[in-house]
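Content type mmCIF, C-alpha atoms, from the file start-v4.cif:
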data_upload
#
loop_
_atom_site.label_atom_id
_atom_site.label_comp_id
_atom_site.auth_asym_id
_atom_site.auth_seq_id
_atom_site.Cartn_x
_atom_site.Cartn_y
_atom_site.Cartn_z
CA LEU A 401 8.38 -13.77 -2.33
CA GLU A 402 7.57 -15.77 0.78
CA LEU A 403 10.87 -14.87 2.45
CA LEU A 404 10.47 -11.19 1.59
CA ILE A 405 6.99 -11.17 3.15
CA GLN A 406 8.09 -13.06 6.26
CA ASN A 407 10.99 -10.62 6.78
CA HIS A 408 8.78 -7.55 6.28
CA HIS A 409 10.42 -6.25 3.11
CA HIS A 410 8.53 -4.15 0.58
CA VAL A 411 8.37 -5.72 -2.90
CA LEU A 412 8.02 -4.19 -6.37
CA LEU A 413 7.76 -6.56 -9.33
CA THR A 414 8.26 -5.03 -12.76
CA GLY A 415 8.16 -6.60 -16.18
CA PRO A 416 6.37 -6.73 -19.50
CA THR A 417 2.61 -7.13 -19.65
CA GLY A 418 1.34 -10.69 -19.41
CA THR A 419 4.29 -12.23 -17.56
CA GLY A 420 2.32 -13.20 -14.44
CA LYS A 421 3.49 -10.60 -11.93
CA SER A 422 0.03 -9.94 -10.50
CA VAL A 423 -1.02 -13.58 -10.62
CA CYS A 424 2.08 -14.65 -8.69
CA ILE A 425 1.50 -12.10 -5.93
CA GLN A 426 -2.27 -12.64 -5.74
CA ASN A 427 -1.82 -16.41 -5.53
CA LYS A 428 0.58 -15.99 -2.62
CA LEU A 429 -1.65 -13.48 -0.83
CA LEU A 430 -4.88 -15.43 -1.27
CA THR A 431 -3.68 -18.97 -0.60
CA GLY A 432 -0.21 -18.90 0.91
CA LEU A 433 -0.54 -16.70 3.99
CA ASP A 434 -1.59 -17.42 7.54
CA ARG A 435 -4.81 -15.39 8.02
CA SER A 436 -4.25 -15.30 11.78
CA ILE A 437 -1.17 -13.13 11.17
CA TYR A 438 -1.84 -11.21 7.94
CA VAL A 439 -4.60 -8.91 6.74
CA VAL A 440 -4.53 -8.40 2.95
CA LEU A 441 -5.69 -5.32 1.05
CA MET A 442 -5.60 -5.41 -2.76
CA LEU A 443 -5.81 -2.25 -4.86
CA THR A 444 -5.66 -1.79 -8.61
CA PHE A 445 -4.57 1.59 -9.84
CA SER A 446 -6.06 3.06 -13.01
CA ALA A 447 -5.49 6.27 -14.91
CA ARG A 448 -8.13 7.97 -12.72
CA THR A 449 -6.81 6.82 -9.33
CA GLY A 450 -6.18 9.79 -7.06
CA ALA A 451 -4.43 10.33 -3.75
CA ALA A 452 -7.65 11.00 -1.83
CA GLN A 453 -9.24 7.79 -3.11
CA THR A 454 -6.12 5.77 -2.23
CA GLU A 455 -5.93 7.32 1.24
CA ASP A 456 -9.63 6.63 1.93
CA ILE A 457 -9.38 2.97 0.87
CA ILE A 458 -6.29 2.28 2.97
CA ASP A 459 -7.61 4.21 5.99
CA SER A 460 -10.89 2.29 5.88
CA LYS A 461 -9.06 -1.05 6.25
CA LEU A 462 -6.89 0.06 9.18
CA GLU A 463 -7.89 0.53 12.81
CA ARG A 464 -7.08 3.40 15.09
CA ARG A 465 -4.43 2.09 17.50
CA ARG A 466 -4.09 5.33 19.47
CA THR A 467 -4.26 9.03 18.70
CA GLY A 468 -2.63 9.66 15.34
CA VAL A 469 -1.65 6.01 14.76
CA LEU A 470 -3.36 3.58 12.37
CA GLY A 471 -2.63 -0.08 11.81
CA PRO A 472 -4.15 -3.51 11.37
CA PRO A 473 -5.74 -5.24 14.38
CA PRO A 474 -3.27 -5.90 17.23
CA ASN A 475 -0.80 -8.76 16.66
CA LYS A 476 -1.44 -8.70 12.89
CA ARG A 477 0.36 -7.25 9.88
CA CYS A 478 -1.34 -5.68 6.89
CA ILE A 479 -0.09 -6.36 3.39
CA ILE A 480 -1.15 -3.82 0.78
CA PHE A 481 -0.86 -5.05 -2.80
CA VAL A 482 -1.09 -2.41 -5.53
CA ASP A 483 -1.49 -3.72 -9.05
CA ASP A 484 -0.61 -1.47 -12.02
CA LEU A 485 1.30 0.94 -9.80
CA ASN A 486 2.44 3.05 -12.75
CA MET A 487 -1.08 3.65 -14.15
CA PRO A 488 -2.17 6.97 -12.53
CA VAL A 489 -1.98 9.73 -15.10
CA ARG A 490 0.57 12.47 -14.55
CA GLU A 491 -0.59 15.93 -13.54
CA GLN A 492 0.40 19.13 -15.33
CA TYR A 493 3.71 19.27 -13.46
CA GLY A 494 4.53 15.57 -13.78
CA ALA A 495 3.41 14.33 -10.35
CA GLN A 496 1.27 11.24 -9.81
CA PRO A 497 -0.55 11.99 -6.52
CA ALA A 498 -1.55 8.40 -5.68
CA ILE A 499 2.07 7.29 -5.99
CA GLU A 500 3.26 10.37 -4.08
CA LEU A 501 0.98 9.39 -1.19
CA LEU A 502 2.57 5.92 -1.03
CA ARG A 503 6.02 7.49 -1.28
CA GLN A 504 5.19 9.78 1.64
CA TRP A 505 4.18 6.76 3.71
CA MET A 506 7.44 4.96 2.85
CA ASP A 507 9.59 8.04 3.57
CA PHE A 508 7.83 9.38 6.67
CA GLY A 509 5.77 6.46 8.02
CA GLY A 510 2.36 7.94 7.28
CA TRP A 511 0.49 10.86 5.75
CA TYR A 512 -1.51 13.91 6.71
CA ASP A 513 -5.22 13.58 7.38
CA ARG A 514 -7.02 15.80 4.87
CA LYS A 515 -9.78 16.70 7.33
CA LEU A 516 -7.85 17.23 10.57
CA ASN A 517 -4.53 18.46 9.09
CA SER A 518 -2.67 16.18 11.50
CA PHE A 519 -0.10 13.52 10.70
CA LYS A 520 -1.30 9.90 10.83
CA HIS A 521 1.40 7.31 11.50
CA ILE A 522 0.73 3.97 9.79
CA ILE A 523 2.32 0.96 11.45
CA ASP A 524 2.64 -2.80 10.82
CA VAL A 525 2.00 -2.39 7.09
CA GLN A 526 3.95 -3.97 4.25
CA PHE A 527 3.77 -2.91 0.63
CA LEU A 528 3.78 -5.14 -2.47
CA ALA A 529 3.27 -3.84 -5.99
CA ALA A 530 3.36 -4.93 -9.62
CA MET A 531 3.78 -2.70 -12.63
CA GLY A 532 4.62 -2.81 -16.29
CA PRO A 533 7.61 -1.05 -17.75
CA PRO A 534 7.60 2.72 -17.17
CA GLY A 535 6.71 4.95 -20.07
#
Before anything else, please render the file you have as structure tokens.
Amino acid sequence: LELLIQNHHHVLLTGPTGTGKSVCIQNKLLTGLDRSIYVVLMLTFSARTGAAQTEDIIDSKLERRRTGVLGPPPNKRCIIFVDDLNMPVREQYGAQPAIELLRQWMDFGGWYDRKLNSFKHIIDVQFLAAMGPPG
């Protein structure tokens, strides 16, 4: 886990409930990182987690670097840990909007601002997640 974080790789841990996935990541994030380099944001998804709520939480922890670009403070990296990634309930057509928002960030480097209808690039952010088996 330490090497993956140091080399800026996204991490997804999956496994049965109670195997220590979340504890392992939280222990590393809370005690094993240099706070002068990393800013940590921890989220826990539930069945009611929505895309707007996820976007607001992440946006509130990031700073505006320049027009249309958000990121952690200069010379720092932000690590976002999402626990129970598979928890948001599916919509009528099978989508899970909170997960789709994270997918959009991974595919396109950001997401659209709901208020301004402009694309916000998100930089210097690394994603870690833990989830139980799908289904």
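Taken over the shown file, the PyMOL selection byres ((chain A and resi 514) around 12) identifies Ala451, Ala452, Gln453, Glu455, Asp456, Asp459, Leu501, Trp511, Tyr512, Asp513, Lys515, Leu516, Asn517, Ser518, Phe519 and Lys520 of chain A.
Residues matched by the PyMOL selection byres ((chain A and resi 436) around 10) in this file are A:Leu433, A:Asp434, A:Arg435, A:Ile437, A:Tyr438, A:Val439, A:Asn475, A:Lys476, A:Arg477.
Among the candidate residues A:Leu502, A:Lys421, A:Glu402, A:Ala447, the one lying nearest to Met531 of chain A is A:Lys421, with distances computed using only C-alpha atoms.
For the atom pair formed by atom CA of Phe527 of chain A and atom CA of Leu404 of chain A, the distance is 10.7 Å, given to one decimal.
Note that the spacing between atom CA of Phe508 of chain A and atom CA of Thr414 of chain A amounts to 24.2 Å.
Across the structure, atom CA of Gln406 of chain A and atom CA of Leu430 of chain A are spaced 15.2 Å apart.
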Closest of A:Lys428, A:His409, A:Arg448, A:Arg466 to His521 of chain A - atom-to-atom distances counting all atoms listed in the file: A:Arg466
